[in-house]
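Asks: PDB, C-alpha atoms, file run.pdb:
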ATOM      1  CA  MET F   1     -99.193  42.327-180.141
ATOM      2  CA  ARG F   2    -101.603  42.052-177.237
ATOM      3  CA  LYS F   3    -101.899  38.913-175.130
ATOM      4  CA  LEU F   4    -105.044  36.801-175.697
ATOM      5  CA  LEU F   5    -107.090  35.515-172.763
ATOM      6  CA  PHE F   6    -109.499  32.758-173.820
ATOM      7  CA  LEU F   7    -112.518  32.700-171.502
ATOM      8  CA  LEU F   8    -113.840  29.195-170.813
ATOM      9  CA  PRO F   9    -116.259  28.009-168.118
ATOM     10  CA  GLY F  10    -113.718  25.319-167.228
ATOM     11  CA  THR F  11    -111.473  22.743-168.850
ATOM     12  CA  THR F  12    -112.416  19.621-166.887
ATOM     13  CA  LYS F  13    -114.465  16.668-168.158
ATOM     14  CA  GLN F  14    -117.839  18.187-167.274
ATOM     15  CA  PHE F  15    -117.243  20.941-169.859
ATOM     16  CA  PHE F  16    -116.033  18.631-172.602
ATOM     17  CA  ALA F  17    -117.725  19.398-175.914
ATOM     18  CA  GLY F  18    -116.839  20.263-179.488
ATOM     19  CA  GLY F  19    -116.772  23.951-178.580
ATOM     20  CA  LEU F  20    -114.190  23.397-175.850
ATOM     21  CA  THR F  21    -111.968  21.339-178.166
ATOM     22  CA  ALA F  22    -112.226  23.946-180.924
ATOM     23  CA  GLU F  23    -111.400  26.772-178.507
ATOM     24  CA  LEU F  24    -108.364  24.985-177.106
ATOM     25  CA  ASN F  25    -107.176  24.270-180.662
ATOM     26  CA  THR F  26    -107.518  27.976-181.499
ATOM     27  CA  LEU F  27    -105.598  28.833-178.329
ATOM     28  CA  ARG F  28    -102.723  26.624-179.495
ATOM     29  CA  LEU F  29    -102.764  28.322-182.906
ATOM     30  CA  ALA F  30    -102.645  31.736-181.237
ATOM     31  CA  GLN F  31     -99.701  30.697-179.084
ATOM     32  CA  GLN F  32     -97.644  30.396-182.283
ATOM     33  CA  ILE F  33     -98.241  34.131-182.868
ATOM     34  CA  CYS F  34     -98.505  35.852-179.476
ATOM     35  CA  GLU F  35     -98.940  35.178-175.784
ATOM     36  CA  ALA F  36    -102.213  33.356-175.085
ATOM     37  CA  GLU F  37    -103.695  31.434-172.172
ATOM     38  CA  VAL F  38    -106.967  30.153-170.715
ATOM     39  CA  VAL F  39    -109.035  32.048-168.141
ATOM     40  CA  THR F  40    -111.879  30.139-166.465
ATOM     41  CA  TYR F  41    -114.993  31.852-165.094
ATOM     42  CA  ARG F  42    -117.266  29.182-163.580
ATOM     43  CA  GLN F  43    -114.770  27.183-161.578
ATOM     44  CA  ARG F  44    -111.261  27.747-160.312
ATOM     45  CA  GLU F  45    -108.643  25.322-161.596
ATOM     46  CA  PRO F  46    -105.042  24.884-160.433
ATOM     47  CA  GLY F  47    -102.535  26.851-162.480
ATOM     48  CA  ILE F  48    -105.207  28.651-164.536
ATOM     49  CA  LEU F  49    -106.262  32.299-164.262
ATOM     50  CA  PHE F  50    -109.754  33.023-162.909
ATOM     51  CA  LEU F  51    -111.902  35.839-164.318
ATOM     52  CA  ASP F  52    -113.048  37.258-160.961
ATOM     53  CA  ASP F  53    -109.409  37.874-160.021
ATOM     54  CA  LEU F  54    -108.678  39.712-163.288
ATOM     55  CA  LEU F  55    -111.763  41.904-162.960
ATOM     56  CA  SER F  56    -110.812  42.938-159.427
ATOM     57  CA  VAL F  57    -107.811  44.946-160.690
ATOM     58  CA  PRO F  58    -107.711  47.948-163.081
ATOM     59  CA  PRO F  59    -108.269  47.024-166.781
ATOM     60  CA  ASP F  60    -105.153  46.140-168.754
ATOM     61  CA  ARG F  61    -105.537  47.177-172.402
ATOM     62  CA  ARG F  62    -102.465  45.123-173.270
ATOM     63  CA  CYS F  63    -104.718  42.037-173.133
ATOM     64  CA  ILE F  64    -107.628  40.936-175.325
ATOM     65  CA  PHE F  65    -110.345  38.689-173.923
ATOM     66  CA  VAL F  66    -111.806  36.039-176.246
ATOM     67  CA  VAL F  67    -115.392  34.989-175.456
ATOM     68  CA  SER F  68    -117.133  32.096-177.184
ATOM     69  CA  TRP F  69    -119.381  30.058-174.905
ATOM     70  CA  GLY F  70    -122.858  30.492-176.476
ATOM     71  CA  PHE F  71    -125.393  31.426-173.822
ATOM     72  CA  ASP F  72    -122.686  32.948-171.570
ATOM     73  CA  VAL F  73    -121.557  35.557-174.119
ATOM     74  CA  PRO F  74    -123.986  38.426-173.209
ATOM     75  CA  LYS F  75    -123.204  38.374-169.486
ATOM     76  CA  LEU F  76    -119.468  38.006-170.172
ATOM     77  CA  LEU F  77    -119.505  41.049-172.476
ATOM     78  CA  LYS F  78    -121.325  42.997-169.764
ATOM     79  CA  ARG F  79    -118.801  41.966-167.108
ATOM     80  CA  LEU F  80    -115.838  42.827-169.328
ATOM     81  CA  GLY F  81    -117.149  46.330-170.051
ATOM     82  CA  ASP F  82    -114.895  48.293-172.412
ATOM     83  CA  ARG F  83    -111.928  45.953-172.089
ATOM     84  CA  PRO F  84    -110.611  44.820-175.527
ATOM     85  CA  THR F  85    -112.692  41.744-176.417
ATOM     86  CA  ILE F  86    -113.169  39.395-179.386
ATOM     87  CA  TYR F  87    -116.247  37.242-179.900
ATOM     88  CA  HIS F  88    -115.197  33.859-181.330
ATOM     89  CA  ALA F  89    -118.500  32.889-182.972
ATOM     90  CA  HIS F  90    -119.450  29.241-183.481
ATOM     91  CA  SER F  91    -123.204  28.497-183.523
ATOM     92  CA  THR F  92    -125.693  31.265-184.269
ATOM     93  CA  GLY F  93    -129.265  31.991-183.191
ATOM     94  CA  TYR F  94    -128.755  32.879-179.527
ATOM     95  CA  GLY F  95    -130.454  36.234-180.068
ATOM     96  CA  PHE F  96    -127.935  38.515-178.375
ATOM     97  CA  VAL F  97    -126.339  41.617-179.898
ATOM     98  CA  VAL F  98    -122.578  42.118-180.177
ATOM     99  CA  PRO F  99    -121.533  45.772-179.759
ATOM    100  CA  PRO F 100    -119.389  47.352-182.519
ATOM    101  CA  ARG F 101    -116.420  47.606-180.159
ATOM    102  CA  VAL F 102    -116.141  43.776-180.219
ATOM    103  CA  PRO F 103    -114.665  42.232-183.408
ATOM    104  CA  ILE F 104    -116.209  38.912-184.461
ATOM    105  CA  LEU F 105    -114.142  35.892-185.447
ATOM    106  CA  ALA F 106    -116.432  33.445-187.302
ATOM    107  CA  VAL F 107    -115.600  29.754-187.676
ATOM    108  CA  SER F 108    -117.629  29.353-190.887
ATOM    109  CA  ASN F 109    -118.959  31.350-193.814
ATOM    110  CA  ASN F 110    -122.450  30.547-192.561
ATOM    111  CA  THR F 111    -121.712  32.157-189.190
ATOM    112  CA  MET F 112    -119.936  35.072-190.861
ATOM    113  CA  SER F 113    -122.968  35.794-193.062
ATOM    114  CA  TYR F 114    -125.256  35.727-189.995
ATOM    115  CA  TRP F 115    -123.186  38.361-188.214
ATOM    116  CA  GLY F 116    -122.714  40.299-191.433
ATOM    117  CA  GLU F 117    -126.444  41.004-191.195
ATOM    118  CA  LYS F 118    -126.781  41.305-187.420
ATOM    119  CA  ALA F 119    -123.659  43.380-186.666
ATOM    120  CA  LEU F 120    -123.289  45.980-189.417
ATOM    121  CA  GLY F 121    -120.809  48.111-187.479
ATOM    122  CA  SER F 122    -118.517  45.292-186.341
ATOM    123  CA  LEU F 123    -115.273  44.025-187.780
ATOM    124  CA  ILE F 124    -115.846  40.417-188.909
ATOM    125  CA  TYR F 125    -113.252  37.815-189.895
ATOM    126  CA  HIS F 126    -113.328  34.177-190.984
ATOM    127  CA  LEU F 127    -111.120  31.645-189.212
ATOM    128  CA  PRO F 128    -112.172  28.022-189.839
ATOM    129  CA  ASN F 129    -111.754  25.403-187.154
ATOM    130  CA  GLU F 130    -108.650  23.237-187.410
ATOM    131  CA  ILE F 131    -108.691  19.637-188.566
ATOM    132  CA  SER F 132    -105.689  17.802-187.163
ATOM    133  CA  SER F 133    -103.217  16.267-189.593
ATOM    134  CA  ALA F 134    -103.736  13.016-187.648
ATOM    135  CA  PHE F 135    -107.041  12.636-189.498
ATOM    136  CA  GLU F 136    -105.785  10.911-192.642
ATOM    137  CA  ASN F 137    -106.473   7.817-194.702
ATOM    138  CA  ARG F 138    -104.221   5.051-193.414
ATOM    139  CA  GLN F 139    -105.236   2.716-196.269
ATOM    140  CA  LEU F 140    -106.406   0.013-193.835
ATOM    141  CA  PRO F 141    -108.989  -2.747-194.459
ATOM    142  CA  ARG F 142    -112.495  -1.433-193.683
ATOM    143  CA  ASP F 143    -114.505  -3.948-191.662
ATOM    144  CA  ILE F 144    -117.254  -1.488-190.555
ATOM    145  CA  ASP F 145    -119.897  -0.840-193.192
ATOM    146  CA  VAL F 146    -121.699   2.035-191.478
ATOM    147  CA  LEU F 147    -120.660   4.184-188.504
ATOM    148  CA  VAL F 148    -122.995   6.489-186.548
ATOM    149  CA  GLN F 149    -122.579   8.644-183.442
ATOM    150  CA  THR F 150    -125.839   8.977-181.499
ATOM    151  CA  ARG F 151    -125.083  12.453-180.098
ATOM    152  CA  LYS F 152    -127.033  15.108-182.043
ATOM    153  CA  SER F 153    -128.373  12.509-184.497
ATOM    154  CA  SER F 154    -131.982  12.812-185.682
ATOM    155  CA  GLU F 155    -134.784  10.471-184.622
ATOM    156  CA  TYR F 156    -135.152   9.510-188.278
ATOM    157  CA  LEU F 157    -131.545   8.346-188.434
ATOM    158  CA  LEU F 158    -131.658   6.401-185.166
ATOM    159  CA  GLN F 159    -135.198   5.004-185.288
ATOM    160  CA  GLN F 160    -135.897   4.476-188.997
ATOM    161  CA  LEU F 161    -132.736   4.323-191.072
ATOM    162  CA  LEU F 162    -130.463   2.361-188.721
ATOM    163  CA  PRO F 163    -132.956  -0.496-188.120
ATOM    164  CA  ALA F 164    -133.303  -0.871-191.894
ATOM    165  CA  LEU F 165    -129.531  -0.881-192.412
ATOM    166  CA  LYS F 166    -128.810  -3.308-189.572
ATOM    167  CA  LYS F 167    -130.743  -5.983-191.470
ATOM    168  CA  ARG F 168    -128.452  -5.614-194.478
ATOM    169  CA  CYS F 169    -124.946  -4.632-193.322
ATOM    170  CA  HIS F 170    -122.554  -4.227-190.384
ATOM    171  CA  VAL F 171    -123.502  -1.095-188.429
ATOM    172  CA  VAL F 172    -121.548   0.333-185.472
ATOM    173  CA  VAL F 173    -123.264   2.888-183.229
ATOM    174  CA  LEU F 174    -121.208   5.076-180.882
ATOM    175  CA  ASP F 175    -123.054   6.338-177.806
ATOM    176  CA  SER F 176    -120.098   7.395-175.645
ATOM    177  CA  TYR F 177    -116.664   8.980-175.905
ATOM    178  CA  VAL F 178    -114.207   7.066-178.111
ATOM    179  CA  GLU F 179    -110.480   7.315-177.504
ATOM    180  CA  ASP F 180    -109.410   6.428-181.059
ATOM    181  CA  LEU F 181    -111.954   7.989-183.415
ATOM    182  CA  ILE F 182    -109.318   8.224-186.149
ATOM    183  CA  GLY F 183    -108.825   4.464-186.031
ATOM    184  CA  LEU F 184    -112.582   3.890-186.242
ATOM    185  CA  PHE F 185    -112.939   6.223-189.217
ATOM    186  CA  ASN F 186    -110.161   4.316-190.976
ATOM    187  CA  ARG F 187    -112.074   1.056-190.471
ATOM    188  CA  THR F 188    -115.341   2.551-191.756
ATOM    189  CA  LYS F 189    -116.789   2.603-195.262
ATOM    190  CA  VAL F 190    -119.790   4.933-194.750
ATOM    191  CA  TYR F 191    -120.267   7.563-192.032
ATOM    192  CA  LEU F 192    -123.754   8.956-191.313
ATOM    193  CA  TYR F 193    -124.286  12.446-189.837
ATOM    194  CA  ASP F 194    -127.687  14.111-189.495
ATOM    195  CA  THR F 195    -127.956  17.096-187.120
ATOM    196  CA  ALA F 196    -130.526  19.399-188.766
ATOM    197  CA  GLU F 197    -133.263  18.216-186.398
ATOM    198  CA  TYR F 198    -131.078  18.648-183.302
ATOM    199  CA  TRP F 199    -130.103  22.243-184.066
ATOM    200  CA  GLY F 200    -133.601  23.107-185.266
ATOM    201  CA  ARG F 201    -135.015  21.932-181.943
ATOM    202  CA  TYR F 202    -132.865  24.470-180.099
ATOM    203  CA  ARG F 203    -133.230  27.131-182.809
ATOM    204  CA  LEU F 204    -129.454  27.287-183.143
ATOM    205  CA  SER F 205    -127.099  26.510-186.016
ATOM    206  CA  GLU F 206    -124.416  23.934-186.682
ATOM    207  CA  GLY F 207    -121.381  26.108-186.001
ATOM    208  CA  PHE F 208    -118.874  24.128-188.052
ATOM    209  CA  GLY F 209    -119.625  20.404-188.110
ATOM    210  CA  LEU F 210    -116.146  18.896-187.869
ATOM    211  CA  PRO F 211    -117.002  15.125-187.763
ATOM    212  CA  PRO F 212    -117.984  14.791-191.462
ATOM    213  CA  MET F 213    -114.769  16.542-192.497
ATOM    214  CA  GLU F 214    -112.716  14.307-190.227
ATOM    215  CA  ALA F 215    -114.454  11.258-191.697
ATOM    216  CA  LEU F 216    -113.749  12.457-195.242
ATOM    217  CA  ALA F 217    -110.081  12.968-194.376
ATOM    218  CA  CYS F 218    -109.915   9.352-193.173
ATOM    219  CA  GLY F 219    -111.374   8.054-196.449
ATOM    220  CA  CYS F 220    -115.001   7.457-195.423
ATOM    221  CA  GLN F 221    -117.944   8.020-197.713
ATOM    222  CA  VAL F 222    -120.183  10.542-195.938
ATOM    223  CA  PHE F 223    -123.985  10.776-195.921
ATOM    224  CA  SER F 224    -124.858  14.001-194.121
ATOM    225  CA  SER F 225    -127.363  16.751-193.607
ATOM    226  CA  VAL F 226    -126.140  19.998-195.153
ATOM    227  CA  ASN F 227    -127.629  22.463-192.674
ATOM    228  CA  HIS F 228    -125.899  25.695-191.713
ATOM    229  CA  ALA F 229    -122.081  25.530-191.678
ATOM    230  CA  LEU F 230    -122.019  22.011-193.126
ATOM    231  CA  SER F 231    -122.881  23.659-196.436
ATOM    232  CA  ASP F 232    -119.525  25.481-196.256
ATOM    233  CA  TYR F 233    -117.700  22.374-197.400
ATOM    234  CA  LEU F 234    -120.122  19.512-198.105
ATOM    235  CA  ASP F 235    -121.167  19.184-201.749
ATOM    236  CA  PRO F 236    -123.747  16.414-202.344
ATOM    237  CA  GLY F 237    -122.941  14.312-205.386
ATOM    238  CA  PHE F 238    -119.295  15.365-205.331
ATOM    239  CA  ASN F 239    -117.723  14.836-201.891
ATOM    240  CA  CYS F 240    -120.741  13.455-199.990
ATOM    241  CA  GLN F 241    -124.376  12.442-200.335
ATOM    242  CA  LYS F 242    -127.341  14.161-198.706
ATOM    243  CA  ILE F 243    -128.923  11.996-196.001
ATOM    244  CA  ALA F 244    -132.716  11.852-195.478
ATOM    245  CA  GLY F 245    -133.372  11.755-199.204
ATOM    246  CA  TYR F 246    -137.127  11.352-199.699
ATOM    247  CA  SER F 247    -137.637   7.959-198.002
ATOM    248  CA  THR F 248    -135.991   5.396-195.739
ATOM    249  CA  SER F 249    -135.984   2.889-198.579
ATOM    250  CA  TYR F 250    -134.186   5.307-200.908
ATOM    251  CA  ASP F 251    -131.575   6.173-198.278
ATOM    252  CA  THR F 252    -131.034   2.455-197.624
ATOM    253  CA  HIS F 253    -130.711   1.773-201.359
ATOM    254  CA  ARG F 254    -128.140   4.530-201.874
ATOM    255  CA  ILE F 255    -126.042   3.509-198.859
ATOM    256  CA  LEU F 256    -126.007  -0.177-199.851
ATOM    257  CA  GLU F 257    -125.148   0.781-203.412
ATOM    258  CA  THR F 258    -122.246   2.883-202.120
ATOM    259  CA  LEU F 259    -120.972  -0.068-200.089
ATOM    260  CA  GLN F 260    -121.010  -2.310-203.166
ATOM    261  CA  ARG F 261    -119.298   0.020-205.624
ATOM    262  CA  GLU F 262    -115.545  -0.395-205.819
ATOM    263  CA  ASP F 263    -115.105   3.178-207.007
ATOM    264  CA  SER F 264    -116.942   4.642-204.008
ATOM    265  CA  PHE F 265    -113.801   5.364-202.069
ATOM    266  CA  ALA F 266    -111.867   7.724-204.331
ATOM    267  CA  PRO F 267    -109.984   9.945-201.861
ATOM    268  CA  VAL F 268    -110.828  13.605-201.404
ATOM    269  CA  PRO F 269    -107.656  15.494-202.463
ATOM    270  CA  ASP F 270    -105.383  16.946-199.786
ATOM    271  CA  SER F 271    -105.955  20.419-201.254
ATOM    272  CA  PHE F 272    -109.582  20.219-200.042
ATOM    273  CA  PHE F 273    -108.429  20.068-196.408
ATOM    274  CA  ALA F 274    -105.581  22.590-196.751
ATOM    275  CA  PRO F 275    -107.566  25.665-195.571
ATOM    276  CA  TYR F 276    -108.385  23.808-192.337
ATOM    277  CA  ARG F 277    -104.871  22.608-191.556
ATOM    278  CA  ARG F 278    -102.609  24.234-188.975
ATOM    279  CA  GLU F 279     -99.936  25.384-191.444
ATOM    280  CA  ASN F 280    -102.461  27.558-193.302
ATOM    281  CA  LEU F 281    -104.508  28.699-190.302
ATOM    282  CA  ILE F 282    -101.543  30.215-188.439
ATOM    283  CA  PRO F 283    -100.716  32.878-191.087
ATOM    284  CA  ARG F 284    -104.431  33.616-191.522
ATOM    285  CA  LEU F 285    -104.841  34.148-187.776
ATOM    286  CA  ALA F 286    -101.681  36.287-187.697
ATOM    287  CA  THR F 287    -103.160  38.627-190.316
ATOM    288  CA  ILE F 288    -106.465  38.828-188.435
ATOM    289  CA  LEU F 289    -104.809  39.541-185.082
ATOM    290  CA  THR F 290    -102.629  42.244-186.641
ATOM    291  CA  GLU F 291    -105.754  44.020-187.904
ATOM    292  CA  ILE F 292    -107.610  43.580-184.615
ATOM    293  CA  ASN F 293    -104.677  44.991-182.631
ATOM    294  CA  ALA F 294    -104.628  48.033-184.924
ATOM    295  CA  PHE F 295    -108.387  48.412-184.385
ATOM    296  CA  PHE F 296    -108.024  48.439-180.590
ATOM    297  CA  ASP F 297    -105.287  51.082-180.925
ATOM    298  CA  HIS F 298    -107.730  53.227-182.936
ATOM    299  CA  GLN F 299    -110.641  52.535-180.573
ATOM    300  CA  VAL F 300    -108.945  54.457-177.751
ATOM    301  CA  THR F 301    -109.578  57.795-179.488
ATOM    302  CA  ALA F 302    -112.638  57.064-181.652
ATOM    303  CA  THR F 303    -116.346  56.489-181.016
ATOM    304  CA  ALA F 304    -118.641  54.112-182.931
ATOM    305  CA  ASP F 305    -121.054  56.109-185.134
ATOM    306  CA  ILE F 306    -122.360  53.597-187.719
ATOM    307  CA  PRO F 307    -126.130  52.904-187.381
ATOM    308  CA  GLN F 308    -126.934  49.328-186.378
ATOM    309  CA  LEU F 309    -129.673  47.280-188.048
ATOM    310  CA  THR F 310    -131.946  47.087-185.009
ATOM    311  CA  ARG F 311    -135.706  46.489-185.192
ATOM    312  CA  TRP F 312    -136.248  50.182-184.502
ATOM    313  CA  ARG F 313    -133.835  51.106-187.289
ATOM    314  CA  ILE F 314    -135.599  48.756-189.730
ATOM    315  CA  ALA F 315    -138.967  50.299-188.764
ATOM    316  CA  GLN F 316    -137.584  53.792-189.380
ATOM    317  CA  LEU F 317    -136.222  52.816-192.793
ATOM    318  CA  SER F 318    -139.555  51.211-193.723
ATOM    319  CA  VAL F 319    -141.473  54.363-192.768
ATOM    320  CA  LYS F 320    -139.058  56.502-194.807
ATOM    321  CA  ARG F 321    -139.532  54.223-197.817
ATOM    322  CA  ILE F 322    -143.341  54.410-197.546
ATOM    323  CA  LEU F 323    -143.281  58.215-197.154
ATOM    324  CA  SER F 324    -140.975  58.519-200.146
ATOM    325  CA  LYS F 325    -143.379  56.451-202.266
ATOM    326  CA  LEU F 326    -146.362  58.548-201.116
ATOM    327  CA  LYS F 327    -144.564  61.776-202.016
ATOM    328  CA  SER F 328    -143.643  60.504-205.468
TER     329      SER F 328
END
As structure tokens, what does this structure read like?
Replies:
Amino acid sequence: MRKLLFLLPGTTKQFFAGGLTAELNTLRLAQQICEAEVVTYRQREPGILFLDDLLSVPPDRRCIFVVSWGFDVPKLLKRLGDRPTIYHAHSTGYGFVVPPRVPILAVSNNTMSYWGEKALGSLIYHLPNEISSAFENRQLPRDIDVLVQTRKSSEYLLQQLLPALKKRCHVVVLDSYVEDLIGLFNRTKVYLYDTAEYWGRYRLSEGFGLPPMEALACGCQVFSSVNHALSDYLDPGFNCQKIAGYSTSYDTHRILETLQREDSFAPVPDSFFAPYRRENLIPRLATILTEINAFFDHQVTATADIPQLTRWRIAQLSVKRILSKLKS
């Protein structure tokens, strides 16, 4: 099986984000199956391969590059040329095209469906992000009524709903990195997450949305938007409630009612989280990598010949349909 080279701009604090964490988690999963390591491309780091150095020598088809970093993907694909490459797709909406020679590994069904339309001639697989087994309900007393993280939260949540809630219950707002998020989740009764406005502003999608799942695993009641990949696993009325429901007063009423009900904190069963746990992701990734390695073996002697659904192709099909109707 070929070695995987995960391309990241860097691994230092300035690049810290959910995408970096998810990519490093996937790297660790891959290392249980084959050789895998990080390659940086914006900054050199001690003990880590640098992309410029790898591109200065003849291509090695015994390695597969893994690209993932949003806006950097098109230029990385161009630099890599015909070297075996996988696109690890998180958010969607960037507007670039992935050539058929590059298999797509989608972190959510939402992302997979996007590329199922945009990349008709590509191999596409689904590999959810991992939720660590450390995220669990520790059955501790919950002294925080409502927990919110400001990053990516909507103006409605921060400027309308929170002021109303602060008058009625104990609200904790996180506006910086927290070392022990698991501990905070285990002290929290209700977790609020509303990112539809944030992603809409950038015309991108929520790639996975791990925080609500982590909160659920720790026993929180979750009020969340259900945009994009959040709809993969959030089910309002059953494992969460939809935030921004008609009015601030109605949201406040529902949250306060949830805090008062003793039956609000029935745990989500472990089986719900099983597809996102390491023990189930490793065999799934092993199957995917086996197929992708076979594809790259075949690619050496074959040429892509499946028409792509480009704007020009759509225009051609529309003209054919109109001409067919006129003839009939």
Asks: I need the output of the PyMOL selection byres ((chain F and resi 124-131) around 10) for this file as a PyMOL selection string; which residues are they?
Replies: chain F and resi 21-23+25-26+29+86-90+102-113+115-116+119-123+132-135+207-211+213-214+217+273-282+284-285+288-289+291-292
Asks: Could you spell out the hits of the PyMOL selection byres ((chain F and resi 185-202) around 6) on the shown file, as a list in words?
Replies: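 This file, filtered by the PyMOL selection byres ((chain F and resi 185-202) around 6), leaves Arg142, Asp143, Ile144, Asp145, Val146, Leu147, Val148, Lys152, Ser153, Ser154, Ile182, Gly183, Leu184, Arg203, Leu204, Ser205, Ala215, Cys218, Cys220, Gln221, Val222, Phe223, Ser224, Ser225 and Asn227 of chain F.
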Asks: Which residues are close to Leu161 (chain F), i.e. within 8 Å by all atoms listed in the file, leaving aside same-chain residues fewer than 5 positions away? Reply as an MDAnalysis selection string.
Replies: chainID F and resid 156 248 251:252
Asks: For the provided coordinates, the residues matched by the PyMOL selection byres ((chain F and resi 304) around 8) should be stated as a JSON list (two decimals) with C-alpha atoms, keeping the file's coordinate frame.
Replies:
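Result file follows (part.json):
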[["chain", "number", "residue", "atom", "x", "y", "z"],
["F", 100, "PRO", "CA", -119.39, 47.35, -182.52],
["F", 101, "ARG", "CA", -116.42, 47.61, -180.16],
["F", 121, "GLY", "CA", -120.81, 48.11, -187.48],
["F", 302, "ALA", "CA", -112.64, 57.06, -181.65],
["F", 303, "THR", "CA", -116.35, 56.49, -181.02],
["F", 305, "ASP", "CA", -121.05, 56.11, -185.13],
["F", 306, "ILE", "CA", -122.36, 53.60, -187.72]]
Asks: In Å to one decimal, how far is CA of Pro84 (chain F) from CA of Asn293 (chain F)?
Replies: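 If I compute the distance from CA of Asn293 (chain F) to CA of Pro84 (chain F), I get 9.3 Å.
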Asks: Just give me the gap between CA of Gln160 (chain F) and CA of Gly237 (chain F) in Å, one decimal is fine.
Replies: 23.1 Å
Asks: What does the distance from CA of Tyr177 (chain F) to CA of Gly18 (chain F) come to in Å, to one decimal?
Replies: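 Here the two named atoms are 11.8 Å from each other.
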Asks: Residues within 9 Å of Leu8 (chain F), please, as a list of chain:residue names. Count only C-alpha atoms; anything in the same chain fewer than 3 positions from it doesn't count.
Replies: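 Returned residues: F:Thr11, F:Phe15, F:Leu20, F:Glu23, F:Val38, F:Val39, F:Thr40, F:Tyr41, F:Arg42, F:Val66, F:Val67, F:Ser68, F:Trp69.
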Asks: Can you tell me, as a PyMOL selection string, what residues are no more than 12 Å from Leu54 (chain F) when counting all atoms listed in the file, ignoring any on the same chain fewer than 2 positions away?
Replies: chain F and resi 5+7+39-41+48-52+56-60+63+65+79-80+83
Asks: Put those residues in a file: C-alpha atoms, as a tab-separated table (two decimals), keeping the file's coordinate frame.
Replies:
chain	number	residue	atom	x	y	z
F	5	LEU	CA	-107.09	35.52	-172.76
F	7	LEU	CA	-112.52	32.70	-171.50
F	39	VAL	CA	-109.04	32.05	-168.14
F	40	THR	CA	-111.88	30.14	-166.46
F	41	TYR	CA	-114.99	31.85	-165.09
F	48	ILE	CA	-105.21	28.65	-164.54
F	49	LEU	CA	-106.26	32.30	-164.26
F	50	PHE	CA	-109.75	33.02	-162.91
F	51	LEU	CA	-111.90	35.84	-164.32
F	52	ASP	CA	-113.05	37.26	-160.96
F	56	SER	CA	-110.81	42.94	-159.43
F	57	VAL	CA	-107.81	44.95	-160.69
F	58	PRO	CA	-107.71	47.95	-163.08
F	59	PRO	CA	-108.27	47.02	-166.78
F	60	ASP	CA	-105.15	46.14	-168.75
F	63	CYS	CA	-104.72	42.04	-173.13
F	65	PHE	CA	-110.34	38.69	-173.92
F	79	ARG	CA	-118.80	41.97	-167.11
F	80	LEU	CA	-115.84	42.83	-169.33
F	83	ARG	CA	-111.93	45.95	-172.09
Asks: When you count only C-alpha atoms, which of these residues is closest to Ser91 (chain F): F:Pro46, F:Leu55, F:Gly70, F:Ser271?
Replies: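 Once distances to Ser91 (chain F) are computed over only C-alpha atoms, the minimum belongs to F:Gly70.
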Asks: For Pro99 (chain F), which residue out of F:Arg321, F:Gln308, F:Arg61, F:Arg44 is the nearest one, using only C-alpha atoms?
Replies: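 Selected residue with least distance to Pro99 (chain F): F:Gln308.
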Asks: Taking all atoms listed in the file into account, name the residue in F:Val173, F:Leu181, F:Ala17, F:Leu216 that is nearest to Phe272 (chain F).
Replies: F:Leu216
Asks: So which one's closest to Thr12 (chain F), F:Gln260, F:Gln299, F:Asp180, F:Gln43? Using all atoms listed in the file, please.
Replies: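 Of F:Gln260, F:Gln299, F:Asp180, F:Gln43, the one nearest Thr12 (chain F), counting all atoms listed in the file, is F:Gln43.
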